[in-house]
$ cat my_file10.pdb   # PDB, C-alpha atoms, pLDDT in the B column
MODEL        1
ATOM      1  CA  MET A   7      60.789  41.412  66.925  1.00 46.00           C
ATOM      2  CA  THR A   8      62.534  44.160  64.976  1.00 54.00           C
ATOM      3  CA  ASN A   9      65.327  46.375  66.245  1.00 56.00           C
ATOM      4  CA  SER A  10      62.846  49.227  66.596  1.00 79.00           C
ATOM      5  CA  ASN A  11      61.307  47.353  69.541  1.00 90.00           C
ATOM      6  CA  TYR A  12      64.542  47.438  71.547  1.00 94.00           C
ATOM      7  CA  LEU A  13      65.688  50.335  73.736  1.00 94.00           C
ATOM      8  CA  TRP A  14      69.032  50.112  71.930  1.00 94.00           C
ATOM      9  CA  ALA A  15      70.511  47.902  69.230  1.00 93.00           C
ATOM     10  CA  PRO A  16      71.368  44.426  70.535  1.00 93.00           C
ATOM     11  CA  ALA A  17      75.055  43.504  70.518  1.00 94.00           C
ATOM     12  CA  PRO A  18      76.175  41.429  67.530  1.00 95.00           C
ATOM     13  CA  THR A  19      76.431  37.675  68.056  1.00 97.00           C
ATOM     14  CA  PRO A  20      80.014  36.747  69.012  1.00 98.00           C
ATOM     15  CA  SER A  21      81.511  34.442  66.396  1.00 98.00           C
ATOM     16  CA  LEU A  22      84.720  32.921  65.063  1.00 98.00           C
ATOM     17  CA  PRO A  23      85.822  32.171  61.498  1.00 98.00           C
ATOM     18  CA  VAL A  24      85.868  28.563  60.332  1.00 98.00           C
ATOM     19  CA  ARG A  25      89.038  27.595  58.492  1.00 96.00           C
ATOM     20  CA  ASP A  26      88.638  27.399  54.702  1.00 94.00           C
ATOM     21  CA  GLN A  27      84.817  27.435  54.888  1.00 94.00           C
ATOM     22  CA  GLY A  28      83.943  31.096  54.329  1.00 96.00           C
ATOM     23  CA  VAL A  29      81.479  30.954  57.231  1.00 97.00           C
ATOM     24  CA  ARG A  30      81.535  31.904  60.899  1.00 98.00           C
ATOM     25  CA  PHE A  31      80.806  29.842  63.998  1.00 98.00           C
ATOM     26  CA  PRO A  32      78.287  31.711  66.234  1.00 98.00           C
ATOM     27  CA  VAL A  33      79.289  31.374  69.875  1.00 98.00           C
ATOM     28  CA  ASN A  34      76.618  30.514  72.410  1.00 98.00           C
ATOM     29  CA  ARG A  35      78.299  29.813  75.774  1.00 98.00           C
ATOM     30  CA  ILE A  36      81.881  29.457  76.994  1.00 98.00           C
ATOM     31  CA  PHE A  37      82.656  26.733  79.535  1.00 98.00           C
ATOM     32  CA  CYS A  38      86.113  26.397  81.052  1.00 98.00           C
ATOM     33  CA  VAL A  39      87.598  23.395  82.847  1.00 97.00           C
ATOM     34  CA  GLY A  40      89.646  24.066  85.973  1.00 93.00           C
ATOM     35  CA  ARG A  41      92.873  22.216  86.810  1.00 91.00           C
ATOM     36  CA  ASN A  42      92.887  19.594  84.055  1.00 95.00           C
ATOM     37  CA  TYR A  43      96.655  18.940  83.850  1.00 91.00           C
ATOM     38  CA  HIS A  44      98.321  17.354  86.881  1.00 87.00           C
ATOM     39  CA  ALA A  45     101.390  19.588  86.815  1.00 83.00           C
ATOM     40  CA  HIS A  46      99.280  22.755  86.645  1.00 88.00           C
ATOM     41  CA  ALA A  47      97.078  21.539  89.514  1.00 83.00           C
ATOM     42  CA  VAL A  48     100.216  21.080  91.618  1.00 85.00           C
ATOM     43  CA  GLU A  49     101.485  24.477  90.439  1.00 84.00           C
ATOM     44  CA  MET A  50      98.275  26.045  91.758  1.00 82.00           C
ATOM     45  CA  GLY A  51      98.576  24.226  95.080  1.00 84.00           C
ATOM     46  CA  ARG A  52      95.546  22.009  94.430  1.00 82.00           C
ATOM     47  CA  PRO A  53      96.626  18.507  93.292  1.00 85.00           C
ATOM     48  CA  VAL A  54      93.895  16.425  91.632  1.00 83.00           C
ATOM     49  CA  ASP A  55      93.110  12.780  92.370  1.00 86.00           C
ATOM     50  CA  LYS A  56      90.935  11.696  89.444  1.00 89.00           C
ATOM     51  CA  SER A  57      89.750   8.639  91.354  1.00 83.00           C
ATOM     52  CA  THR A  58      88.002  10.734  94.008  1.00 90.00           C
ATOM     53  CA  VAL A  59      86.824  13.900  92.226  1.00 92.00           C
ATOM     54  CA  ARG A  60      85.107  14.875  88.990  1.00 94.00           C
ATOM     55  CA  PRO A  61      85.908  17.827  86.718  1.00 96.00           C
ATOM     56  CA  PHE A  62      84.843  21.312  87.758  1.00 94.00           C
ATOM     57  CA  TYR A  63      83.916  24.238  85.568  1.00 97.00           C
ATOM     58  CA  PHE A  64      83.546  27.985  85.414  1.00 97.00           C
ATOM     59  CA  THR A  65      82.068  30.116  82.652  1.00 98.00           C
ATOM     60  CA  LYS A  66      82.891  33.229  80.703  1.00 98.00           C
ATOM     61  CA  ALA A  67      80.319  35.377  78.944  1.00 98.00           C
ATOM     62  CA  ALA A  68      80.359  35.040  75.163  1.00 98.00           C
ATOM     63  CA  SER A  69      80.975  38.794  75.067  1.00 98.00           C
ATOM     64  CA  THR A  70      84.500  38.191  76.463  1.00 98.00           C
ATOM     65  CA  LEU A  71      85.493  36.490  73.193  1.00 98.00           C
ATOM     66  CA  VAL A  72      88.436  37.988  71.276  1.00 98.00           C
ATOM     67  CA  GLU A  73      89.806  36.712  67.975  1.00 98.00           C
ATOM     68  CA  SER A  74      93.435  35.717  67.772  1.00 98.00           C
ATOM     69  CA  GLY A  75      95.693  38.488  66.488  1.00 98.00           C
ATOM     70  CA  ALA A  76      94.114  41.223  68.585  1.00 98.00           C
ATOM     71  CA  THR A  77      95.689  43.747  70.908  1.00 98.00           C
ATOM     72  CA  VAL A  78      93.801  43.918  74.202  1.00 98.00           C
ATOM     73  CA  PRO A  79      94.155  46.464  77.012  1.00 98.00           C
ATOM     74  CA  TYR A  80      95.769  45.446  80.277  1.00 98.00           C
ATOM     75  CA  PRO A  81      92.658  44.851  82.410  1.00 98.00           C
ATOM     76  CA  ALA A  82      91.439  46.943  85.298  1.00 97.00           C
ATOM     77  CA  GLY A  83      91.741  45.865  88.907  1.00 97.00           C
ATOM     78  CA  THR A  84      94.748  43.555  88.632  1.00 98.00           C
ATOM     79  CA  SER A  85      98.514  43.609  88.948  1.00 98.00           C
ATOM     80  CA  ASN A  86      98.952  39.905  88.128  1.00 98.00           C
ATOM     81  CA  TYR A  87      97.511  39.257  84.656  1.00 98.00           C
ATOM     82  CA  HIS A  88      98.143  35.656  83.535  1.00 98.00           C
ATOM     83  CA  PHE A  89      98.013  33.622  80.328  1.00 98.00           C
ATOM     84  CA  GLU A  90      96.643  30.075  80.150  1.00 98.00           C
ATOM     85  CA  MET A  91      97.070  28.198  76.859  1.00 98.00           C
ATOM     86  CA  GLU A  92      94.222  25.770  76.100  1.00 98.00           C
ATOM     87  CA  LEU A  93      92.666  23.477  73.521  1.00 98.00           C
ATOM     88  CA  VAL A  94      89.135  24.658  72.759  1.00 98.00           C
ATOM     89  CA  VAL A  95      86.411  22.230  71.695  1.00 98.00           C
ATOM     90  CA  ALA A  96      83.640  23.712  69.534  1.00 98.00           C
ATOM     91  CA  ILE A  97      80.264  21.989  69.874  1.00 98.00           C
ATOM     92  CA  GLY A  98      78.243  21.496  66.690  1.00 98.00           C
ATOM     93  CA  ALA A  99      75.382  19.212  67.748  1.00 98.00           C
ATOM     94  CA  PRO A 100      73.147  19.152  70.825  1.00 98.00           C
ATOM     95  CA  GLY A 101      73.789  16.646  73.582  1.00 98.00           C
ATOM     96  CA  PHE A 102      72.413  15.905  77.029  1.00 98.00           C
ATOM     97  CA  ARG A 103      73.552  13.045  79.262  1.00 98.00           C
ATOM     98  CA  VAL A 104      75.622  11.613  76.437  1.00 97.00           C
ATOM     99  CA  THR A 105      77.772   8.503  76.524  1.00 96.00           C
ATOM    100  CA  ALA A 106      81.437   8.393  75.532  1.00 93.00           C
ATOM    101  CA  ALA A 107      80.403   6.789  72.249  1.00 90.00           C
ATOM    102  CA  GLU A 108      78.046   9.694  71.528  1.00 94.00           C
ATOM    103  CA  ALA A 109      80.516  12.437  72.439  1.00 95.00           C
ATOM    104  CA  ALA A 110      82.374  12.495  69.110  1.00 93.00           C
ATOM    105  CA  ARG A 111      79.270  13.421  67.097  1.00 95.00           C
ATOM    106  CA  MET A 112      78.851  16.592  69.156  1.00 97.00           C
ATOM    107  CA  ILE A 113      82.242  18.012  68.183  1.00 97.00           C
ATOM    108  CA  TYR A 114      82.235  20.469  65.283  1.00 97.00           C
ATOM    109  CA  GLY A 115      85.911  21.272  65.575  1.00 98.00           C
ATOM    110  CA  TYR A 116      88.777  22.669  67.586  1.00 98.00           C
ATOM    111  CA  ALA A 117      90.637  25.901  68.227  1.00 98.00           C
ATOM    112  CA  ALA A 118      93.599  27.207  70.194  1.00 98.00           C
ATOM    113  CA  GLY A 119      92.624  29.546  72.991  1.00 98.00           C
ATOM    114  CA  LEU A 120      93.902  31.703  75.825  1.00 98.00           C
ATOM    115  CA  ASP A 121      92.035  31.819  79.124  1.00 98.00           C
ATOM    116  CA  MET A 122      93.336  35.188  80.315  1.00 98.00           C
ATOM    117  CA  THR A 123      93.112  35.514  84.086  1.00 98.00           C
ATOM    118  CA  ARG A 124      93.320  38.209  86.748  1.00 98.00           C
ATOM    119  CA  ARG A 125      95.209  35.797  88.991  1.00 97.00           C
ATOM    120  CA  ASP A 126      95.338  37.970  92.082  1.00 97.00           C
ATOM    121  CA  LEU A 127      91.560  38.409  92.040  1.00 97.00           C
ATOM    122  CA  GLN A 128      90.986  34.718  91.324  1.00 96.00           C
ATOM    123  CA  LEU A 129      93.145  33.602  94.260  1.00 96.00           C
ATOM    124  CA  VAL A 130      91.476  35.990  96.691  1.00 97.00           C
ATOM    125  CA  ALA A 131      88.087  34.628  95.634  1.00 96.00           C
ATOM    126  CA  ARG A 132      89.301  31.019  95.819  1.00 93.00           C
ATOM    127  CA  ASP A 133      90.754  31.420  99.299  1.00 94.00           C
ATOM    128  CA  GLN A 134      87.569  33.100 100.544  1.00 96.00           C
ATOM    129  CA  GLY A 135      85.319  30.446  99.005  1.00 95.00           C
ATOM    130  CA  ARG A 136      83.767  32.949  96.605  1.00 96.00           C
ATOM    131  CA  PRO A 137      83.023  32.666  92.858  1.00 95.00           C
ATOM    132  CA  TRP A 138      85.884  33.294  90.443  1.00 96.00           C
ATOM    133  CA  ASP A 139      84.026  35.750  88.216  1.00 97.00           C
ATOM    134  CA  LEU A 140      86.248  38.792  88.835  1.00 97.00           C
ATOM    135  CA  GLY A 141      89.331  36.720  88.108  1.00 98.00           C
ATOM    136  CA  LYS A 142      88.051  34.898  85.048  1.00 98.00           C
ATOM    137  CA  ASP A 143      84.950  36.462  83.473  1.00 98.00           C
ATOM    138  CA  PHE A 144      86.018  39.911  82.278  1.00 98.00           C
ATOM    139  CA  GLU A 145      86.338  41.820  79.009  1.00 98.00           C
ATOM    140  CA  HIS A 146      88.737  40.346  76.393  1.00 98.00           C
ATOM    141  CA  SER A 147      89.517  37.299  78.559  1.00 98.00           C
ATOM    142  CA  ALA A 148      88.578  34.504  76.118  1.00 98.00           C
ATOM    143  CA  VAL A 149      90.984  34.611  73.178  1.00 98.00           C
ATOM    144  CA  CYS A 150      90.448  32.108  70.364  1.00 98.00           C
ATOM    145  CA  THR A 151      91.679  31.214  66.895  1.00 98.00           C
ATOM    146  CA  GLU A 152      89.585  30.180  63.934  1.00 98.00           C
ATOM    147  CA  ILE A 153      87.731  26.888  64.266  1.00 98.00           C
ATOM    148  CA  VAL A 154      89.256  23.858  62.547  1.00 98.00           C
ATOM    149  CA  PRO A 155      86.491  21.396  61.558  1.00 97.00           C
ATOM    150  CA  GLN A 156      86.893  18.009  63.192  1.00 95.00           C
ATOM    151  CA  GLY A 157      87.098  16.079  59.935  1.00 89.00           C
ATOM    152  CA  ALA A 158      89.729  13.357  60.074  1.00 83.00           C
ATOM    153  CA  LEU A 159      91.111  14.663  63.367  1.00 91.00           C
ATOM    154  CA  GLY A 160      88.507  12.700  65.306  1.00 91.00           C
ATOM    155  CA  VAL A 161      88.527  13.113  69.067  1.00 93.00           C
ATOM    156  CA  LEU A 162      91.947  14.596  69.776  1.00 95.00           C
ATOM    157  CA  GLY A 163      93.890  12.616  72.341  1.00 95.00           C
ATOM    158  CA  ALA A 164      97.446  13.796  71.779  1.00 96.00           C
ATOM    159  CA  GLY A 165      99.411  16.655  70.277  1.00 97.00           C
ATOM    160  CA  ALA A 166     101.900  19.245  71.431  1.00 98.00           C
ATOM    161  CA  ILE A 167     100.563  22.347  73.176  1.00 98.00           C
ATOM    162  CA  ASN A 168     102.904  25.232  73.953  1.00 98.00           C
ATOM    163  CA  LEU A 169     103.043  28.966  74.578  1.00 98.00           C
ATOM    164  CA  GLN A 170     105.693  31.653  74.268  1.00 98.00           C
ATOM    165  CA  VAL A 171     105.887  35.181  75.646  1.00 98.00           C
ATOM    166  CA  ASN A 172     108.116  37.459  73.569  1.00 98.00           C
ATOM    167  CA  GLY A 173     109.568  34.329  71.961  1.00 98.00           C
ATOM    168  CA  GLN A 174     110.458  32.597  75.242  1.00 98.00           C
ATOM    169  CA  THR A 175     108.719  29.286  75.922  1.00 98.00           C
ATOM    170  CA  LYS A 176     106.612  29.336  79.089  1.00 98.00           C
ATOM    171  CA  GLN A 177     104.279  26.350  78.639  1.00 98.00           C
ATOM    172  CA  SER A 178     105.056  23.066  76.893  1.00 97.00           C
ATOM    173  CA  SER A 179     103.026  19.876  77.236  1.00 97.00           C
ATOM    174  CA  ASP A 180     100.868  17.437  75.297  1.00 97.00           C
ATOM    175  CA  LEU A 181      97.112  16.925  75.055  1.00 97.00           C
ATOM    176  CA  SER A 182      97.703  13.365  76.235  1.00 96.00           C
ATOM    177  CA  GLN A 183      98.412  14.867  79.659  1.00 96.00           C
ATOM    178  CA  LEU A 184      94.821  16.038  80.157  1.00 96.00           C
ATOM    179  CA  ILE A 185      93.444  14.546  83.381  1.00 96.00           C
ATOM    180  CA  TRP A 186      89.977  14.260  81.829  1.00 97.00           C
ATOM    181  CA  ASN A 187      90.094  13.785  78.078  1.00 97.00           C
ATOM    182  CA  ILE A 188      87.664  15.364  75.646  1.00 97.00           C
ATOM    183  CA  SER A 189      85.162  12.520  75.673  1.00 97.00           C
ATOM    184  CA  GLU A 190      85.160  12.373  79.459  1.00 97.00           C
ATOM    185  CA  LEU A 191      84.566  16.115  79.672  1.00 98.00           C
ATOM    186  CA  LEU A 192      81.638  16.021  77.253  1.00 98.00           C
ATOM    187  CA  VAL A 193      80.080  13.104  79.108  1.00 98.00           C
ATOM    188  CA  ASP A 194      80.451  14.868  82.462  1.00 98.00           C
ATOM    189  CA  LEU A 195      79.431  18.381  81.415  1.00 98.00           C
ATOM    190  CA  SER A 196      76.369  17.052  79.591  1.00 98.00           C
ATOM    191  CA  GLN A 197      75.074  15.642  82.867  1.00 98.00           C
ATOM    192  CA  PHE A 198      74.480  19.224  83.992  1.00 98.00           C
ATOM    193  CA  TYR A 199      73.772  21.167  80.779  1.00 98.00           C
ATOM    194  CA  HIS A 200      71.946  20.623  77.517  1.00 98.00           C
ATOM    195  CA  LEU A 201      75.009  21.338  75.381  1.00 98.00           C
ATOM    196  CA  GLN A 202      74.152  23.241  72.224  1.00 98.00           C
ATOM    197  CA  PRO A 203      75.723  24.105  68.873  1.00 98.00           C
ATOM    198  CA  GLY A 204      77.886  27.158  69.411  1.00 98.00           C
ATOM    199  CA  ASP A 205      79.120  26.189  72.866  1.00 98.00           C
ATOM    200  CA  LEU A 206      82.896  26.379  73.409  1.00 98.00           C
ATOM    201  CA  ILE A 207      84.760  24.320  75.996  1.00 98.00           C
ATOM    202  CA  TYR A 208      88.212  25.501  77.105  1.00 98.00           C
ATOM    203  CA  THR A 209      89.718  22.219  78.276  1.00 98.00           C
ATOM    204  CA  GLY A 210      92.355  23.388  80.771  1.00 97.00           C
ATOM    205  CA  THR A 211      95.940  24.622  80.754  1.00 97.00           C
ATOM    206  CA  PRO A 212      99.331  22.971  81.312  1.00 96.00           C
ATOM    207  CA  GLU A 213     101.852  24.109  83.883  1.00 94.00           C
ATOM    208  CA  GLY A 214     103.930  27.235  83.371  1.00 96.00           C
ATOM    209  CA  VAL A 215     101.254  29.927  83.645  1.00 97.00           C
ATOM    210  CA  GLY A 216     102.568  33.373  84.434  1.00 97.00           C
ATOM    211  CA  ALA A 217     102.118  37.108  84.295  1.00 98.00           C
ATOM    212  CA  VAL A 218     102.324  39.428  81.305  1.00 98.00           C
ATOM    213  CA  VAL A 219     102.577  43.195  81.095  1.00 98.00           C
ATOM    214  CA  THR A 220     101.884  45.938  78.571  1.00 98.00           C
ATOM    215  CA  GLY A 221     103.876  45.372  75.404  1.00 98.00           C
ATOM    216  CA  ASP A 222     104.196  41.605  75.764  1.00 98.00           C
ATOM    217  CA  VAL A 223     103.382  39.404  72.775  1.00 98.00           C
ATOM    218  CA  ILE A 224     101.874  35.966  73.433  1.00 98.00           C
ATOM    219  CA  THR A 225     102.036  33.197  70.841  1.00 98.00           C
ATOM    220  CA  GLY A 226     100.760  29.665  71.312  1.00 98.00           C
ATOM    221  CA  HIS A 227     100.539  26.501  69.244  1.00 98.00           C
ATOM    222  CA  ILE A 228      98.565  23.243  69.258  1.00 98.00           C
ATOM    223  CA  ASP A 229      99.496  20.541  66.762  1.00 97.00           C
ATOM    224  CA  ASN A 230      96.896  20.063  63.981  1.00 96.00           C
ATOM    225  CA  VAL A 231      94.816  22.931  65.392  1.00 97.00           C
ATOM    226  CA  GLY A 232      96.585  26.239  64.995  1.00 97.00           C
ATOM    227  CA  ASP A 233      98.446  29.196  66.419  1.00 98.00           C
ATOM    228  CA  VAL A 234      97.081  31.895  68.686  1.00 98.00           C
ATOM    229  CA  HIS A 235      98.508  35.415  68.933  1.00 98.00           C
ATOM    230  CA  LEU A 236      97.795  38.198  71.415  1.00 98.00           C
ATOM    231  CA  THR A 237      99.441  41.533  72.196  1.00 98.00           C
ATOM    232  CA  ILE A 238      98.988  43.201  75.581  1.00 98.00           C
ATOM    233  CA  GLY A 239      98.206  46.877  75.196  1.00 98.00           C
ATOM    234  CA  ALA A 240      98.184  49.752  77.646  1.00 98.00           C
ATOM    235  CA  ALA A 241      95.689  49.803  80.505  1.00 96.00           C
ATOM    236  CA  ASP A 242      92.324  51.448  79.885  1.00 85.00           C
TER     237      ASP A 242
ENDMDL
END

$ encode --input "my_file10.pdb" --output "structure tokens"
Amino acid sequence: MTNSNYLWAPAPTPSLPVRDQGVRFPVNRIFCVGRNYHAHAVEMGRPVDKSTVRPFYFTKAASTLVESGATVPYPAGTSNYHFEMELVVAIGAPGFRVTAAEAARMIYGYAAGLDMTRRDLQLVARDQGRPWDLGKDFEHSAVCTEIVPQGALGVLGAGAINLQVNGQTKQSSDLSQLIWNISELLVDLSQFYHLQPGDLIYTGTPEGVGAVVTGDVITGHIDNVGDVHLTIGAAD
């Protein structure tokens, strides 16, 4: 079907650059893992006992994707706009009901991401037993660096993850502190979805989340993966 058959031109496919490859990674879906560091779960008032529960997820539209280095407007409808620094896993091969041994082959690479959150709206929805969409799935809320191909990195199990606002450290942890590691997440999520090339999985944030305002500059780092940058602009 050509563009002349559409009422208007379809939006371009969201994508991210791949480091040193001269190509872009087309983004299909964005899955996010909730409360995947113990200290953050406690911080949010919802401790996690891995022995009795499984991971839970929410999604963001691919259209919410923003490349690292951007300036984004302070979003509408909130007065408590939060950062969440996260390792992002980029899927490069299909998988459904995979085993832990099969999980590694699905990983194309990794990125550093920010799950930006309208915290006040999320907490209202959570406390009322409603979906989190207004708090999580909104314009410019999925920030991501270039994709680093997996290569010799393998399935990442450790590495510093930290975030600064205006140069002041707010989050500092290690990937080894994930409640469910990457393989466990891929095994679990693939029980519910046919994971596809182009899917991104934001794996959860450490403790220390907090609010930002217009003019703030966010920088974050994950060892062997990269550095994410975001500037908060004026409200729309």

$ residues_around --input "my_file10.pdb" --residues "Arg30 in chain A" --least-positions-apart "2" --cutoff "10 Å" --atoms "only C-alpha atoms" --output "PyMOL selection string"
chain A and resi 20-25+27-28+32-33+152-153

$ resolve_selection --input "my_file10.pdb" --expression "the PyMOL selection byres ((chain A and resi 59) around 12)" --output "PyMOL selection string"
chain A and resi 41-42+53-58+60-62+185-186+194

$ atom_distance --input "my_file10.pdb" --atom1 "CA of Asp205 in chain A" --atom2 "CA of Ala96 in chain A"
6.1 Å

$ atom_distance --input "my_file10.pdb" --atom1 "CA of Ala47 in chain A" --atom2 "CA of Gln202 in chain A"
28.8 Å

$ closest_residue --input "my_file10.pdb" --among "A:Gly216, A:Gly135, A:Pro81, A:Gly163" --to "Gly239 in chain A" --atoms "all atoms listed in the file"
A:Pro81

$ residues_around --input "my_file10.pdb" --residues "Leu169 in chain A" --least-positions-apart "4" --cutoff "12 Å" --atoms "all atoms listed in the file" --output "PyMOL selection string"
chain A and resi 89-93+118-120+173-180+211-216+223-228+232-236

$ residues_around --input "my_file10.pdb" --residues "range 67-78 of chain A" --least-positions-apart "5" --cutoff "6 Å" --atoms "only C-alpha atoms" --output "list of chain:residue names"
A:Arg35, A:Glu145, A:His146, A:Ser147, A:Ala148, A:Val149, A:Cys150, A:Thr151, A:Val234, A:His235, A:Leu236, A:Thr237, A:Ile238, A:Gly239

$ closest_residue --input "my_file10.pdb" --among "A:Ser182, A:Thr209, A:Ser10, A:Asn230" --to "Gly160 in chain A" --atoms "all atoms listed in the file"
A:Asn230

$ atom_distance --input "my_file10.pdb" --atom1 "CA of Tyr63 in chain A" --atom2 "CA of Asp242 in chain A"
29.0 Å

$ residues_around --input "my_file10.pdb" --residues "His88 in chain A" --least-positions-apart "4" --cutoff "6 Å" --atoms "only C-alpha atoms" --output "list in words"
Met122, Thr123, Gly216 and Ala217 of chain A

$ closest_residue --input "my_file10.pdb" --among "A:Val161, A:Tyr12, A:Asn168, A:Trp138" --to "Ala107 in chain A" --atoms "all atoms listed in the file"
A:Val161

$ resolve_selection --input "my_file10.pdb" --expression "the PyMOL selection byres ((chain A and resi 125-129) around 7)" --output "ChimeraX atom specification"
/A:84,86-88,123-124,130-133,138,140-142

$ write_last_selection --input "my_file10.pdb" --atoms "C-alpha atoms" --output "compact mmCIF listing (two decimals), keeping the file's coordinate frame"
# COMPACT_ATOMS: atom_id res chain seq x y z
CA THR A 84 94.75 43.56 88.63
CA ASN A 86 98.95 39.90 88.13
CA TYR A 87 97.51 39.26 84.66
CA HIS A 88 98.14 35.66 83.54
CA THR A 123 93.11 35.51 84.09
CA ARG A 124 93.32 38.21 86.75
CA VAL A 130 91.48 35.99 96.69
CA ALA A 131 88.09 34.63 95.63
CA ARG A 132 89.30 31.02 95.82
CA ASP A 133 90.75 31.42 99.30
CA TRP A 138 85.88 33.29 90.44
CA LEU A 140 86.25 38.79 88.84
CA GLY A 141 89.33 36.72 88.11
CA LYS A 142 88.05 34.90 85.05

$ closest_residue --input "my_file10.pdb" --among "A:Leu206, A:Leu201, A:Ala240, A:Val171" --to "Pro100 in chain A" --atoms "all atoms listed in the file"
A:Leu201

$ build_atoms --input "my_file10.pdb" --residues "range 159-175 of chain A" --atoms "N, CA and C atoms" --output "PDB file, in the coordinates of the input"
ATOM      1  N   LEU A 159      90.413  14.552  62.081  1.00 91.00           N
ATOM      2  CA  LEU A 159      91.111  14.663  63.367  1.00 91.00           C
ATOM      3  C   LEU A 159      90.489  13.758  64.424  1.00 91.00           C
ATOM      4  N   GLY A 160      89.179  13.513  64.303  1.00 91.00           N
ATOM      5  CA  GLY A 160      88.507  12.700  65.306  1.00 91.00           C
ATOM      6  C   GLY A 160      88.496  13.377  66.660  1.00 91.00           C
ATOM      7  N   VAL A 161      88.473  12.579  67.709  1.00 93.00           N
ATOM      8  CA  VAL A 161      88.527  13.113  69.067  1.00 93.00           C
ATOM      9  C   VAL A 161      89.999  13.199  69.449  1.00 93.00           C
ATOM     10  N   LEU A 162      90.517  14.416  69.534  1.00 95.00           N
ATOM     11  CA  LEU A 162      91.947  14.596  69.776  1.00 95.00           C
ATOM     12  C   LEU A 162      92.358  14.011  71.129  1.00 95.00           C
ATOM     13  N   GLY A 163      93.401  13.202  71.101  1.00 95.00           N
ATOM     14  CA  GLY A 163      93.890  12.616  72.341  1.00 95.00           C
ATOM     15  C   GLY A 163      95.347  12.907  72.607  1.00 95.00           C
ATOM     16  N   ALA A 164      96.026  13.495  71.631  1.00 96.00           N
ATOM     17  CA  ALA A 164      97.446  13.796  71.779  1.00 96.00           C
ATOM     18  C   ALA A 164      97.802  14.930  70.829  1.00 96.00           C
ATOM     19  N   GLY A 165      98.946  15.542  71.089  1.00 97.00           N
ATOM     20  CA  GLY A 165      99.411  16.655  70.277  1.00 97.00           C
ATOM     21  C   GLY A 165     100.075  17.699  71.144  1.00 97.00           C
ATOM     22  N   ALA A 166     101.167  18.247  70.664  1.00 98.00           N
ATOM     23  CA  ALA A 166     101.900  19.245  71.431  1.00 98.00           C
ATOM     24  C   ALA A 166     101.059  20.496  71.652  1.00 98.00           C
ATOM     25  N   ILE A 167     101.180  21.069  72.841  1.00 98.00           N
ATOM     26  CA  ILE A 167     100.563  22.347  73.176  1.00 98.00           C
ATOM     27  C   ILE A 167     101.633  23.185  73.870  1.00 98.00           C
ATOM     28  N   ASN A 168     101.859  24.399  73.354  1.00 98.00           N
ATOM     29  CA  ASN A 168     102.904  25.232  73.953  1.00 98.00           C
ATOM     30  C   ASN A 168     102.579  26.697  73.806  1.00 98.00           C
ATOM     31  N   LEU A 169     103.275  27.518  74.578  1.00 98.00           N
ATOM     32  CA  LEU A 169     103.043  28.966  74.578  1.00 98.00           C
ATOM     33  C   LEU A 169     104.370  29.678  74.805  1.00 98.00           C
ATOM     34  N   GLN A 170     104.520  30.807  74.104  1.00 98.00           N
ATOM     35  CA  GLN A 170     105.693  31.653  74.268  1.00 98.00           C
ATOM     36  C   GLN A 170     105.261  33.088  74.601  1.00 98.00           C
ATOM     37  N   VAL A 171     106.050  33.753  75.402  1.00 98.00           N
ATOM     38  CA  VAL A 171     105.887  35.181  75.646  1.00 98.00           C
ATOM     39  C   VAL A 171     107.148  35.873  75.151  1.00 98.00           C
ATOM     40  N   ASN A 172     106.980  36.773  74.184  1.00 98.00           N
ATOM     41  CA  ASN A 172     108.116  37.459  73.569  1.00 98.00           C
ATOM     42  C   ASN A 172     109.162  36.464  73.071  1.00 98.00           C
ATOM     43  N   GLY A 173     108.688  35.329  72.535  1.00 98.00           N
ATOM     44  CA  GLY A 173     109.568  34.329  71.961  1.00 98.00           C
ATOM     45  C   GLY A 173     110.159  33.340  72.940  1.00 98.00           C
ATOM     46  N   GLN A 174     109.913  33.501  74.229  1.00 98.00           N
ATOM     47  CA  GLN A 174     110.458  32.597  75.242  1.00 98.00           C
ATOM     48  C   GLN A 174     109.387  31.610  75.680  1.00 98.00           C
ATOM     49  N   THR A 175     109.701  30.317  75.588  1.00 98.00           N
ATOM     50  CA  THR A 175     108.719  29.286  75.922  1.00 98.00           C
ATOM     51  C   THR A 175     108.396  29.304  77.413  1.00 98.00           C
TER      52      THR A 175
END
